[in-house]
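Visitor: mmCIF, C-alpha atoms, file start.cif:
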```cif
data_protein
#
loop_
_atom_site.label_atom_id
_atom_site.label_comp_id
_atom_site.auth_asym_id
_atom_site.auth_seq_id
_atom_site.Cartn_x
_atom_site.Cartn_y
_atom_site.Cartn_z
CA MET A 1 0.00 0.00 0.00
CA LYS A 2 1.22 3.49 -0.68
CA LYS A 3 0.14 6.88 0.59
CA THR A 4 -1.07 9.33 -2.05
CA SER A 5 -0.14 12.97 -1.87
CA LEU A 6 -1.28 15.88 -3.97
CA LEU A 7 2.39 16.83 -4.08
CA ASP A 8 2.96 13.75 -6.29
CA ALA A 9 3.22 14.70 -9.95
CA PHE A 10 0.84 13.25 -12.54
CA GLU A 11 -1.63 14.49 -15.12
CA VAL A 12 -5.40 14.43 -15.10
CA ASN A 13 -6.83 13.17 -18.41
CA LYS A 14 -6.46 15.88 -21.01
CA ASP A 15 -9.98 15.36 -22.36
CA LYS A 16 -11.43 16.32 -18.97
CA ARG A 17 -9.61 19.61 -18.64
CA SER A 18 -11.70 22.71 -18.40
CA ILE A 19 -12.73 24.42 -21.61
CA ILE A 20 -13.04 27.69 -19.67
CA PRO A 21 -10.58 29.45 -17.35
CA VAL A 22 -11.01 28.93 -13.62
CA SER A 23 -11.13 32.71 -13.34
CA ASP A 24 -14.59 32.65 -15.04
CA TYR A 25 -15.99 31.37 -11.76
CA GLU A 26 -18.76 33.99 -11.70
CA ILE A 27 -20.73 32.25 -14.47
CA PHE A 28 -21.72 29.44 -12.11
CA GLU A 29 -24.91 29.73 -10.07
CA ASP A 30 -24.19 27.23 -7.28
CA LYS A 31 -20.68 28.27 -6.29
CA GLU A 32 -21.05 26.84 -2.78
CA LEU A 33 -21.71 23.35 -4.18
CA LEU A 34 -18.64 23.53 -6.41
CA ASP A 35 -16.51 24.64 -3.47
CA GLU A 36 -17.92 21.79 -1.35
CA LEU A 37 -17.14 19.21 -4.05
CA ARG A 38 -13.65 20.61 -4.53
CA THR A 39 -13.03 20.36 -0.79
CA ARG A 40 -14.37 16.82 -0.54
CA ILE A 41 -12.30 15.56 -3.47
CA ILE A 42 -9.06 17.09 -2.22
CA GLU A 43 -9.52 15.81 1.31
CA ASN A 44 -10.37 12.32 0.02
CA LEU A 45 -7.29 12.24 -2.19
CA ILE A 46 -4.98 13.34 0.59
CA ASP A 47 -6.14 10.57 2.91
CA SER A 48 -6.35 7.84 0.26
CA GLU A 49 -4.27 4.69 0.09
CA ILE A 50 -3.85 3.10 -3.32
CA PRO A 51 -2.80 -0.46 -4.12
CA GLU A 52 0.64 -0.68 -5.70
CA SER A 53 -0.85 -2.03 -8.92
CA ALA A 54 -3.31 0.83 -9.32
CA SER A 55 -2.79 3.64 -11.81
CA LEU A 56 -2.53 6.91 -9.93
CA ASN A 57 -3.99 8.80 -12.86
CA GLU A 58 -6.97 6.45 -13.20
CA TYR A 59 -7.57 6.45 -9.45
CA ILE A 60 -7.75 10.23 -9.27
CA ASN A 61 -10.19 10.45 -12.17
CA ALA A 62 -12.34 7.71 -10.64
CA GLU A 63 -12.37 9.54 -7.31
CA ILE A 64 -13.52 12.75 -8.98
CA ASP A 65 -16.25 10.86 -10.88
CA ARG A 66 -17.39 9.19 -7.65
CA CYS A 67 -17.64 12.47 -5.74
CA ILE A 68 -19.69 14.28 -8.39
CA GLU A 69 -21.95 11.30 -9.16
CA GLY A 70 -25.59 12.06 -8.41
CA TYR A 71 -25.16 15.82 -8.71
CA ASP A 72 -26.92 17.57 -11.54
CA LEU A 73 -23.87 19.36 -12.87
CA THR A 74 -23.56 20.93 -16.28
CA ASN A 75 -20.66 20.03 -18.56
CA LEU A 76 -19.03 23.37 -17.72
CA GLU A 77 -19.34 22.72 -13.98
CA ARG A 78 -17.85 19.23 -14.37
CA SER A 79 -14.98 20.67 -16.41
CA HIS A 80 -14.48 23.32 -13.75
CA ILE A 81 -14.14 20.65 -11.04
CA TYR A 82 -11.61 18.68 -13.08
CA ASN A 83 -9.67 21.87 -13.76
CA LEU A 84 -9.52 22.73 -10.06
CA ILE A 85 -8.13 19.31 -9.19
CA ASP A 86 -5.72 19.48 -12.12
CA ASN A 87 -4.43 22.78 -10.70
CA GLU A 88 -3.93 21.11 -7.31
CA ILE A 89 -1.86 18.35 -8.86
CA ASN A 90 0.02 19.94 -11.73
CA GLY A 91 -0.01 23.57 -10.64
CA TYR A 92 -0.13 25.60 -7.46
CA GLY A 93 -3.71 24.99 -6.41
CA PRO A 94 -5.98 28.06 -6.26
CA LEU A 95 -3.06 30.30 -7.25
CA THR A 96 -2.42 28.59 -10.59
CA GLU A 97 -4.65 30.77 -12.75
CA LEU A 98 -3.60 33.95 -10.92
CA LEU A 99 0.04 33.20 -11.69
CA LYS A 100 -0.84 32.77 -15.38
CA ASP A 101 -2.69 36.09 -15.61
CA LYS A 102 -0.24 38.63 -17.05
CA ASN A 103 -2.36 41.55 -15.84
CA ILE A 104 -1.75 40.61 -12.19
CA THR A 105 1.49 41.96 -10.73
CA GLU A 106 1.17 40.75 -7.12
CA ILE A 107 -0.76 38.06 -5.25
CA MET A 108 -1.38 38.28 -1.50
CA VAL A 109 -2.92 35.43 0.52
CA ASN A 110 -3.95 36.58 4.00
CA GLY A 111 -6.19 33.59 4.76
CA PRO A 112 -8.28 30.86 3.08
CA ASP A 113 -10.95 33.32 1.91
CA GLU A 114 -8.83 36.45 1.86
CA ILE A 115 -6.86 36.65 -1.39
CA TYR A 116 -5.88 40.01 -2.87
CA ILE A 117 -4.37 40.78 -6.27
CA GLU A 118 -2.76 43.90 -7.70
CA ILE A 119 -3.73 45.08 -11.19
CA ASP A 120 -2.53 48.42 -12.57
CA GLY A 121 -1.38 49.48 -9.12
CA GLN A 122 -4.78 48.82 -7.49
CA LEU A 123 -5.42 46.18 -4.82
CA ILE A 124 -8.51 44.05 -5.44
CA LYS A 125 -9.99 41.29 -3.29
CA ASP A 126 -10.51 38.25 -5.52
CA GLU A 127 -13.78 36.61 -4.47
CA SER A 128 -13.45 33.83 -7.07
CA VAL A 129 -10.44 32.18 -5.42
CA SER A 130 -10.22 30.45 -2.04
CA PHE A 131 -8.38 27.78 -0.11
CA ILE A 132 -10.04 25.04 1.94
CA ASN A 133 -8.25 25.92 5.19
CA ASP A 134 -4.87 26.96 6.59
CA GLU A 135 -3.45 23.47 6.00
CA HIS A 136 -4.33 23.81 2.31
CA ILE A 137 -2.35 27.07 2.15
CA VAL A 138 0.69 25.44 3.80
CA ARG A 139 0.53 22.50 1.37
CA THR A 140 0.51 24.96 -1.53
CA ILE A 141 3.53 26.80 -0.09
CA GLN A 142 5.39 23.51 0.25
CA ARG A 143 4.60 22.57 -3.33
CA MET A 144 5.96 25.90 -4.55
CA ILE A 145 9.22 25.84 -2.60
CA GLN A 146 10.16 22.14 -2.60
CA PRO A 147 11.69 22.27 -6.12
CA LEU A 148 13.81 25.17 -4.88
CA GLY A 149 15.32 23.07 -2.11
CA ARG A 150 13.51 25.06 0.56
CA THR A 151 11.22 24.01 3.39
CA ILE A 152 8.80 25.67 5.77
CA ASP A 153 7.71 24.34 9.16
CA ALA A 154 7.55 25.36 12.82
CA SER A 155 11.36 25.36 13.08
CA CYS A 156 11.75 27.41 9.88
CA PRO A 157 8.48 29.40 9.65
CA MET A 158 9.56 31.93 7.01
CA VAL A 159 10.80 31.56 3.46
CA ASP A 160 11.84 34.09 0.82
CA SER A 161 12.71 32.64 -2.56
CA ARG A 162 12.21 32.75 -6.32
CA LEU A 163 9.99 30.48 -8.41
CA LYS A 164 11.22 28.93 -11.64
CA ASP A 165 9.56 31.67 -13.70
CA GLY A 166 11.38 34.35 -11.70
CA SER A 167 8.43 35.37 -9.52
CA ARG A 168 9.38 36.22 -5.94
CA ILE A 169 7.59 34.30 -3.16
CA ASN A 170 7.56 35.22 0.52
CA ALA A 171 5.69 32.98 2.95
CA VAL A 172 5.23 33.19 6.72
CA ILE A 173 3.43 30.65 8.91
CA PRO A 174 2.70 30.40 12.66
CA PRO A 175 4.15 31.02 15.15
CA LEU A 176 5.51 34.10 13.33
CA SER A 177 2.19 34.88 11.65
CA LEU A 178 -0.55 35.27 14.23
CA LYS A 179 -3.44 34.90 11.76
CA GLY A 180 -2.24 31.79 9.97
CA PRO A 181 -0.10 31.19 6.88
CA VAL A 182 0.46 34.21 4.65
CA ILE A 183 1.80 34.26 1.08
CA THR A 184 3.04 37.23 -0.94
CA ILE A 185 4.07 36.70 -4.57
CA ARG A 186 5.54 39.40 -6.77
CA LYS A 187 5.03 38.24 -10.33
CA PHE A 188 7.97 38.11 -12.71
CA LYS A 189 7.75 40.63 -15.53
CA GLU A 190 8.57 39.08 -18.88
CA ASN A 191 8.90 42.55 -20.38
CA ILE A 192 10.21 44.95 -17.78
CA GLY A 193 9.57 47.98 -19.99
CA THR A 194 11.41 50.73 -21.82
CA ILE A 195 11.84 54.45 -21.39
CA ASP A 196 9.10 54.95 -23.98
CA ASP A 197 6.71 53.00 -21.76
CA LEU A 198 7.41 55.32 -18.82
CA LEU A 199 6.93 58.37 -21.02
CA ARG A 200 3.66 57.01 -22.37
CA MET A 201 2.40 56.36 -18.84
CA GLY A 202 3.39 59.84 -17.70
CA THR A 203 5.95 58.61 -15.16
CA MET A 204 8.34 61.35 -16.31
CA THR A 205 8.79 63.92 -19.08
CA PRO A 206 11.09 63.68 -22.12
CA TYR A 207 13.43 66.26 -20.57
CA MET A 208 13.68 64.21 -17.37
CA ALA A 209 14.35 61.08 -19.41
CA ARG A 210 17.14 62.76 -21.38
CA PHE A 211 18.66 64.14 -18.17
CA LEU A 212 18.70 60.68 -16.54
CA GLU A 213 20.21 59.16 -19.67
CA ALA A 214 22.97 61.80 -19.60
CA CYS A 215 23.65 61.10 -15.92
CA VAL A 216 24.02 57.38 -16.59
CA LEU A 217 26.22 57.92 -19.64
CA GLY A 218 28.29 60.36 -17.57
CA LYS A 219 28.90 57.61 -15.00
CA LEU A 220 27.29 59.38 -12.07
CA ASN A 221 26.48 57.33 -8.97
CA ILE A 222 22.71 57.19 -8.63
CA ILE A 223 20.24 55.97 -6.00
CA VAL A 224 16.67 55.15 -7.03
CA CYS A 225 14.43 55.27 -3.98
CA GLY A 226 10.76 54.73 -3.24
CA GLY A 227 8.22 52.60 -1.44
CA THR A 228 7.14 49.01 -2.02
CA GLY A 229 5.73 48.50 -5.52
CA SER A 230 6.65 52.01 -6.64
CA GLY A 231 8.56 50.78 -9.69
CA LYS A 232 12.14 51.07 -8.44
CA THR A 233 13.39 47.91 -10.15
CA THR A 234 11.69 48.79 -13.44
CA LEU A 235 13.27 52.25 -13.40
CA LEU A 236 16.66 50.81 -12.42
CA ASN A 237 16.50 48.37 -15.34
CA ILE A 238 15.60 51.15 -17.78
CA MET A 239 18.38 53.38 -16.51
CA GLY A 240 20.76 50.43 -16.77
CA SER A 241 19.80 50.09 -20.42
CA PHE A 242 21.45 53.48 -21.07
CA ILE A 243 24.88 52.02 -20.28
CA GLY A 244 27.10 51.56 -23.32
CA GLY A 245 27.42 48.10 -24.83
CA HIS A 246 31.23 48.17 -24.51
CA GLU A 247 31.14 48.29 -20.68
CA ARG A 248 31.41 45.31 -18.34
CA ILE A 249 28.36 45.35 -16.04
CA VAL A 250 28.05 43.29 -12.85
CA THR A 251 24.53 43.08 -11.40
CA ILE A 252 23.90 41.90 -7.84
CA GLU A 253 20.43 40.90 -6.63
CA ASP A 254 18.64 38.75 -4.06
CA ALA A 255 16.39 37.47 -6.84
CA ALA A 256 17.37 38.16 -10.43
CA GLU A 257 14.86 40.65 -11.85
CA LEU A 258 17.02 42.94 -13.97
CA LYS A 259 17.03 42.15 -17.68
CA LEU A 260 19.81 44.17 -19.26
CA LEU A 261 20.30 43.48 -22.96
CA GLN A 262 23.94 44.53 -23.26
CA GLU A 263 26.33 41.78 -24.28
CA HIS A 264 28.79 42.08 -21.38
CA VAL A 265 26.56 41.58 -18.33
CA ILE A 266 27.53 39.36 -15.39
CA PRO A 267 24.43 38.69 -13.20
CA LEU A 268 25.12 37.55 -9.63
CA GLU A 269 22.47 36.29 -7.22
CA THR A 270 22.62 35.69 -3.48
CA ARG A 271 22.23 32.22 -1.98
CA VAL A 272 20.21 31.39 1.11
CA MET A 273 21.27 28.99 3.83
CA ASN A 274 20.78 25.28 3.21
CA TYR A 275 19.05 22.81 5.52
CA ASP A 276 22.12 22.80 7.77
CA ARG A 277 22.01 26.60 8.06
CA GLU A 278 25.19 26.85 6.01
CA GLY A 279 26.28 28.19 2.66
CA GLU A 280 24.65 31.64 2.74
CA ILE A 281 26.06 34.17 0.26
CA THR A 282 24.89 37.73 0.95
CA ILE A 283 24.74 40.87 -1.18
CA ARG A 284 27.72 42.17 0.80
CA ASP A 285 29.72 39.08 -0.17
CA LEU A 286 28.84 39.62 -3.82
CA VAL A 287 29.65 43.35 -3.76
CA ARG A 288 33.10 42.58 -2.35
CA ASN A 289 33.64 39.87 -4.95
CA ALA A 290 32.41 42.11 -7.79
CA LEU A 291 35.24 44.54 -7.07
CA ARG A 292 37.68 41.76 -8.08
CA MET A 293 35.87 41.17 -11.38
CA ARG A 294 37.11 44.31 -13.16
CA PRO A 295 33.65 45.88 -13.46
CA ASP A 296 32.98 49.08 -15.37
CA ARG A 297 29.63 49.27 -13.60
CA ILE A 298 28.17 47.71 -10.49
CA ILE A 299 24.38 47.61 -10.19
CA VAL A 300 22.95 46.47 -6.85
CA GLY A 301 19.27 45.55 -7.14
CA GLU A 302 18.49 46.78 -3.63
CA CYS A 303 20.80 48.09 -0.94
CA ARG A 304 19.40 47.31 2.49
CA GLY A 305 22.14 46.26 4.88
CA LYS A 306 25.82 46.07 5.64
CA GLU A 307 26.72 46.07 1.95
CA ALA A 308 26.06 49.84 1.93
CA PHE A 309 29.55 50.59 3.23
CA ASP A 310 31.23 48.38 0.62
CA MET A 311 29.15 49.97 -2.14
CA LEU A 312 30.05 53.50 -1.01
CA GLN A 313 33.68 52.47 -0.74
CA ALA A 314 33.57 51.26 -4.34
CA MET A 315 32.00 54.54 -5.48
CA ASN A 316 34.68 56.51 -3.68
CA THR A 317 37.56 54.49 -5.14
CA GLY A 318 37.03 54.82 -8.86
CA HIS A 319 34.00 52.62 -9.60
CA ASP A 320 31.89 55.44 -10.97
CA GLY A 321 28.51 54.92 -12.57
CA SER A 322 27.15 52.58 -9.90
CA LEU A 323 23.38 52.25 -9.58
CA THR A 324 21.19 50.87 -6.80
CA THR A 325 17.72 51.10 -5.29
CA LEU A 326 16.79 51.84 -1.72
CA HIS A 327 13.46 51.42 0.05
CA SER A 328 12.49 54.78 1.56
CA ASN A 329 9.81 57.44 1.85
CA GLY A 330 11.78 60.07 -0.05
CA GLY A 331 15.23 61.35 -0.94
CA VAL A 332 16.17 62.64 2.52
CA ASP A 333 14.92 59.43 4.12
CA ALA A 334 17.00 57.43 1.61
CA LEU A 335 20.20 59.17 2.69
CA ASN A 336 19.31 58.72 6.36
CA ARG A 337 18.73 55.00 5.77
CA LEU A 338 22.04 54.76 3.91
CA GLU A 339 23.76 56.31 6.91
CA THR A 340 22.12 53.78 9.22
CA MET A 341 23.19 50.90 6.98
CA VAL A 342 26.82 52.03 7.13
CA LEU A 343 26.59 52.08 10.92
CA MET A 344 25.18 48.52 10.77
CA SER A 345 28.35 47.34 9.03
CA GLY A 346 30.26 47.67 12.29
CA ILE A 347 32.77 50.15 10.91
CA ASP A 348 33.93 52.52 13.66
CA ILE A 349 33.51 55.84 11.84
CA PRO A 350 32.04 59.07 13.25
CA VAL A 351 28.62 60.01 11.88
CA LYS A 352 30.07 63.23 10.44
CA ALA A 353 32.60 61.22 8.46
CA ILE A 354 29.89 58.86 7.20
CA ARG A 355 27.86 61.80 5.89
CA GLU A 356 30.89 63.20 4.10
CA TYR A 357 31.53 59.74 2.67
CA ILE A 358 27.95 59.58 1.34
CA PHE A 359 28.14 63.11 -0.04
CA ASN A 360 31.36 62.34 -1.92
CA ALA A 361 30.00 59.04 -3.28
CA ILE A 362 26.41 59.79 -4.38
CA ASP A 363 25.64 62.23 -7.17
CA LEU A 364 21.90 61.88 -7.75
CA VAL A 365 18.81 60.63 -5.91
CA VAL A 366 15.74 59.71 -7.96
CA ASN A 367 12.52 59.26 -5.97
CA ILE A 368 9.69 57.32 -7.61
CA GLU A 369 6.29 56.83 -5.98
CA ARG A 370 3.08 54.97 -6.61
CA LEU A 371 0.36 57.58 -6.11
CA ASN A 372 -2.95 56.84 -4.43
CA ASP A 373 -4.62 56.41 -7.83
CA GLY A 374 -2.15 53.63 -8.71
CA ARG A 375 -0.08 55.62 -11.19
CA ARG A 376 3.68 55.76 -10.79
CA LYS A 377 5.53 59.07 -10.97
CA ILE A 378 9.10 60.21 -10.52
CA VAL A 379 8.29 62.78 -7.85
CA SER A 380 11.81 64.21 -7.60
CA ILE A 381 15.27 64.10 -9.13
CA SER A 382 17.74 65.70 -6.73
CA GLU A 383 21.43 66.42 -6.48
CA LEU A 384 23.44 66.46 -3.26
CA GLU A 385 24.18 70.16 -2.79
CA GLY A 386 26.39 70.08 0.28
CA ILE A 387 26.55 69.52 4.01
CA LYS A 388 25.04 72.11 6.33
CA ASP A 389 24.95 71.89 10.13
CA GLY A 390 26.10 68.30 9.84
CA SER A 391 23.29 67.22 7.49
CA ILE A 392 23.40 66.47 3.77
CA ILE A 393 21.32 68.93 1.74
CA LEU A 394 19.34 67.63 -1.21
CA LYS A 395 18.27 70.09 -3.90
CA ASP A 396 15.48 69.13 -6.29
CA ILE A 397 16.20 69.56 -9.98
CA PHE A 398 12.88 68.15 -11.19
CA ALA A 399 9.73 67.41 -9.19
CA PHE A 400 6.11 66.41 -9.61
CA ASN A 401 3.69 68.91 -8.09
CA THR A 402 0.27 67.54 -7.10
CA GLU A 403 -2.46 70.10 -7.82
CA SER A 404 -5.76 68.34 -7.08
CA VAL A 405 -7.42 65.02 -6.30
CA SER A 406 -10.76 64.18 -7.92
CA GLU A 407 -13.68 62.49 -6.16
CA SER A 408 -12.68 59.21 -7.83
CA GLY A 409 -9.16 59.55 -6.37
CA SER A 410 -7.44 60.50 -9.63
CA ILE A 411 -4.50 62.84 -9.03
CA SER A 412 -3.78 65.83 -11.26
CA GLY A 413 -0.49 67.67 -11.29
CA GLU A 414 2.48 68.79 -13.33
CA PHE A 415 6.21 68.22 -13.57
CA ILE A 416 8.37 71.24 -12.86
CA ARG A 417 12.03 72.10 -13.28
CA TYR A 418 13.50 74.40 -10.66
CA ASP A 419 15.20 77.61 -11.79
CA PHE A 420 18.88 76.97 -11.16
CA TYR A 421 21.87 75.49 -12.92
CA PRO A 422 22.67 72.15 -11.27
CA LYS A 423 26.24 71.63 -10.13
CA ILE A 424 25.97 68.15 -11.53
CA LEU A 425 26.15 69.57 -15.08
CA ASP A 426 29.77 70.58 -14.54
CA LYS A 427 30.62 67.02 -13.58
CA LEU A 428 28.82 65.75 -16.69
CA LYS A 429 30.79 68.16 -18.89
CA GLN A 430 34.00 66.77 -17.43
CA LYS A 431 32.78 63.34 -18.57
CA GLY A 432 32.11 64.63 -22.09
CA ILE A 433 28.33 65.09 -21.78
CA VAL A 434 27.79 68.58 -23.21
CA ASP A 435 24.48 68.38 -25.06
CA ILE A 436 21.89 68.85 -22.31
CA ASP A 437 22.29 72.56 -21.50
CA TYR A 438 19.16 73.24 -23.53
CA ILE A 439 17.07 71.57 -20.82
CA PHE A 440 18.02 74.34 -18.38
CA GLU A 441 18.03 77.37 -20.67
CA ASN A 442 14.46 78.62 -20.16
CA PRO A 443 13.80 79.78 -16.60
CA GLY A 444 10.58 78.58 -15.03
CA GLY A 445 10.11 75.98 -17.73
CA LYS A 446 7.66 73.20 -16.92
CA LYS A 447 9.73 70.42 -18.35
#
```
Could you show the structure in this file as structure tokens?
Guide:
Amino acid sequence: MKKTSLLDAFEVNKDKRSIIPVSDYEIFEDKELLDELRTRIIENLIDSEIPESASLNEYINAEIDRCIEGYDLTNLERSHIYNLIDNEINGYGPLTELLKDKNITEIMVNGPDEIYIEIDGQLIKDESVSFINDEHIVRTIQRMIQPLGRTIDASCPMVDSRLKDGSRINAVIPPLSLKGPVITIRKFKENIGTIDDLLRMGTMTPYMARFLEACVLGKLNIIVCGGTGSGKTTLLNIMGSFIGGHERIVTIEDAAELKLLQEHVIPLETRVMNYDREGEITIRDLVRNALRMRPDRIIVGECRGKEAFDMLQAMNTGHDGSLTTLHSNGGVDALNRLETMVLMSGIDIPVKAIREYIFNAIDLVVNIERLNDGRRKIVSISELEGIKDGSIILKDIFAFNTESVSESGSISGEFIRYDFYPKILDKLKQKGIVDIDYIFENPGGKK
């Protein structure tokens, strides 16, 4: 006798697969009955014991037929049931169709009947998808992370990893999560976008785009900052695309999301601890190693810890043109967080010296936000003007000025360019970038 598990891999008969997407759940009248049948079939399969000689595929189909026998189901409803079970076996259960939907950018499971999705920057509760119970959620997590060599249980109740398609999965279960198992999936973007996409969406103006391109070509050190889901990685990738094809680029990420098309790109990815709590390779380890790889550019997907000091050290010792992102609520907050990260590295340096180190290393801070109406905007592009009373002074070159908010929540505003000649232009001229003065010729221009 052998124990059957829905984690075993096999295929439900192809002729019984659904002819409609699971997402078209709303067409059914008796949704409660379909949920009840789904639950009964799954629970029966989990607890089943099958003779060694039995065909697993045939047994599963027979079990489904037995459970729906006597119910007056339409052909569409029967196909829907088979599709649900197929998703349990060959996919990721209730999340299968959500992961296939290219319009969905994030999936959040807060409980069996509490699943949220993000579409076009807006969070929506998906009433058509549900789990049976908390145990069903945990089984789905295990199915997603087992091929990655990861596990989740009471002794290791948190996992952060990347699915085969590049999507990022974070899962937390009790005792860390007080309301039960929680899943957050950031979908992998097959096409991360171009500068034209950002211009079309109104994320920035053509003048801002040309200025950023000049700053990248001029090998300035740039921080892209913003909140969760604001578009930092997308903007970083687009700015990275401005780098010349002759340069050697080393990218460093926790989970590889950047998709640079230049020929000479060396992508590095961190490694988590194994089952024996050994073998971890951190971003700091990779930054230190990248310095030995003769890079023309170092791009760190997100700076959030002790690696900040090593990155600043690289910027201050000839590795110009470095790019990174930083989670923050604005430009000033980004620099404050960078200061804190350097202190976390354990280096015994006075705070005043750290601020001078940051000022000498960073040239530009680009702050991107996701507004309340879901649209993403570069709300400021700022240069580091100097240090006053011990604090680094940021001076906005471009900014987005919110003018009004409609009853529907839509935000109206305009991009502005401040009336001064940025010091950063002199540095660009020294690097041979001399064709952007026209952007700053007309005072008061709304660029």
Visitor: Expand the PyMOL selection byres ((chain A and resi 202-209) around 8) into the explicit residue set it covers here, and present it as a ChimeraX atom specification.
Guide: /A:195,198-201,210-213,375-378,398,415,439,447
Visitor: Rank A:Ser380, A:Asn237, A:Thr194, A:Asn401 by their smallest atom-to-atom distance to Thr251 of chain A, using only C-alpha atoms, and report the top residue only.
Guide: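 Result for the nearest residue to Thr251 of chain A: A:Asn237.
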Visitor: Within 10 Å of Cys215 of chain A, counting only C-alpha atoms, which residues show up once you throw out same-chain ones fewer than 2 positions away? Write them as a list in words, please.
Guide: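 Once the nearby chain positions are removed, what remains is Ala209, Arg210, Phe211, Leu212, Glu213, Leu217, Gly218, Lys219, Leu220, Asn221, Ile222, Met239, Phe242, Gly321, Asp363, Leu364, Ile424, Leu425, Lys427, Leu428, Lys431 and Ile433 of chain A.
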Visitor: Expressed in Å to a single decimal, how great is the separation between atom CA of Gly346 of chain A and atom CA of Ile266 of chain A?
Guide: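 Computed distance, atom CA of Gly346 of chain A to atom CA of Ile266 of chain A, equals 29.0 Å.
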Visitor: May I have the residues within 9 Å of Phe309 of chain A as JSON, numbers by chain, using only C-alpha atoms and disregarding those fewer than 6 positions away in the same chain?
Guide: {"A": [284, 338, 339, 341, 342, 343, 344, 345, 347]}
Visitor: Assuming the chain letters and numbering stay as they are in my file, what does the PyMOL selection byres ((chain A and resi 66-74) around 12) actually select? List them as a PyMOL selection string.
Guide: chain A and resi 27-31+33-45+59-65+75-82
Visitor: Have a look at atom CA of Ile416 of chain A and atom CA of Lys232 of chain A and let me know their distance in Å, one decimal.
Guide: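 These atoms are spaced 21.0 Å apart.
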Visitor: Can you list what the PyMOL selection byres ((chain A and resi 362) around 10) grabs from this structure, as JSON, numbers by chain?
Guide: {"A": [220, 221, 222, 223, 312, 315, 316, 320, 321, 322, 323, 335, 357, 358, 359, 360, 361, 363, 364, 365, 383, 384]}
Visitor: How about saving the chosen residues, C-alpha atoms kept, as a compact mmCIF listing (two decimals), keeping the file's coordinate frame?
Guide:
```txt
# COMPACT_ATOMS: atom_id res chain seq x y z
CA LEU A 220 27.29 59.38 -12.07
CA ASN A 221 26.48 57.33 -8.97
CA ILE A 222 22.71 57.19 -8.63
CA ILE A 223 20.24 55.97 -6.00
CA LEU A 312 30.05 53.50 -1.01
CA MET A 315 32.00 54.54 -5.48
CA ASN A 316 34.68 56.51 -3.68
CA ASP A 320 31.89 55.44 -10.97
CA GLY A 321 28.51 54.92 -12.57
CA SER A 322 27.15 52.58 -9.90
CA LEU A 323 23.38 52.25 -9.58
CA LEU A 335 20.20 59.17 2.69
CA TYR A 357 31.53 59.74 2.67
CA ILE A 358 27.95 59.58 1.34
CA PHE A 359 28.14 63.11 -0.04
CA ASN A 360 31.36 62.34 -1.92
CA ALA A 361 30.00 59.04 -3.28
CA ASP A 363 25.64 62.23 -7.17
CA LEU A 364 21.90 61.88 -7.75
CA VAL A 365 18.81 60.63 -5.91
CA GLU A 383 21.43 66.42 -6.48
CA LEU A 384 23.44 66.46 -3.26
```
Visitor: Which neighbours of Gly245 of chain A fall inside 10 Å, counting all atoms listed in the file, when residues of the same chain fewer than 5 positions from it are skipped, and could you give them as a PyMOL selection string?
Guide: chain A and resi 261-265
Visitor: Have a look at atom CA of Cys156 of chain A and atom CA of Pro181 of chain A and let me know their distance in Å, one decimal.
Guide: 12.8 Å
Visitor: Quick one: of A:Leu236, A:Ile392, A:Ile115, A:Ala334, who's nearest to Thr184 of chain A, counting all atoms listed in the file?
Guide: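 Among A:Leu236, A:Ile392, A:Ile115, A:Ala334, it is A:Ile115 that comes nearest to Thr184 of chain A.
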Visitor: With all atoms listed in the file as the atoms that count, which of A:Lys164, A:Ser230, A:Lys179, A:Thr140 lies nearest to Asn110 of chain A?
Guide: A:Lys179
Visitor: Please list as a PyMOL selection string every residue within 7 Å of Glu253 of chain A, counting only C-alpha atoms and excluding residues in the same chain fewer than 6 positions away.
Guide: chain A and resi 268-270+283+300-302
Visitor: Take the residues from that selection and put them in a file with C-alpha atoms, as a PDB file, keeping the file's coordinate frame.
Guide:
```pdb
ATOM      1  CA  LEU A 268      25.120  37.550  -9.630  1.00  0.00           C
ATOM      2  CA  GLU A 269      22.470  36.290  -7.220  1.00  0.00           C
ATOM      3  CA  THR A 270      22.620  35.690  -3.480  1.00  0.00           C
ATOM      4  CA  ILE A 283      24.740  40.870  -1.180  1.00  0.00           C
ATOM      5  CA  VAL A 300      22.950  46.470  -6.850  1.00  0.00           C
ATOM      6  CA  GLY A 301      19.270  45.550  -7.140  1.00  0.00           C
ATOM      7  CA  GLU A 302      18.490  46.780  -3.630  1.00  0.00           C
TER       8      GLU A 302
END
```
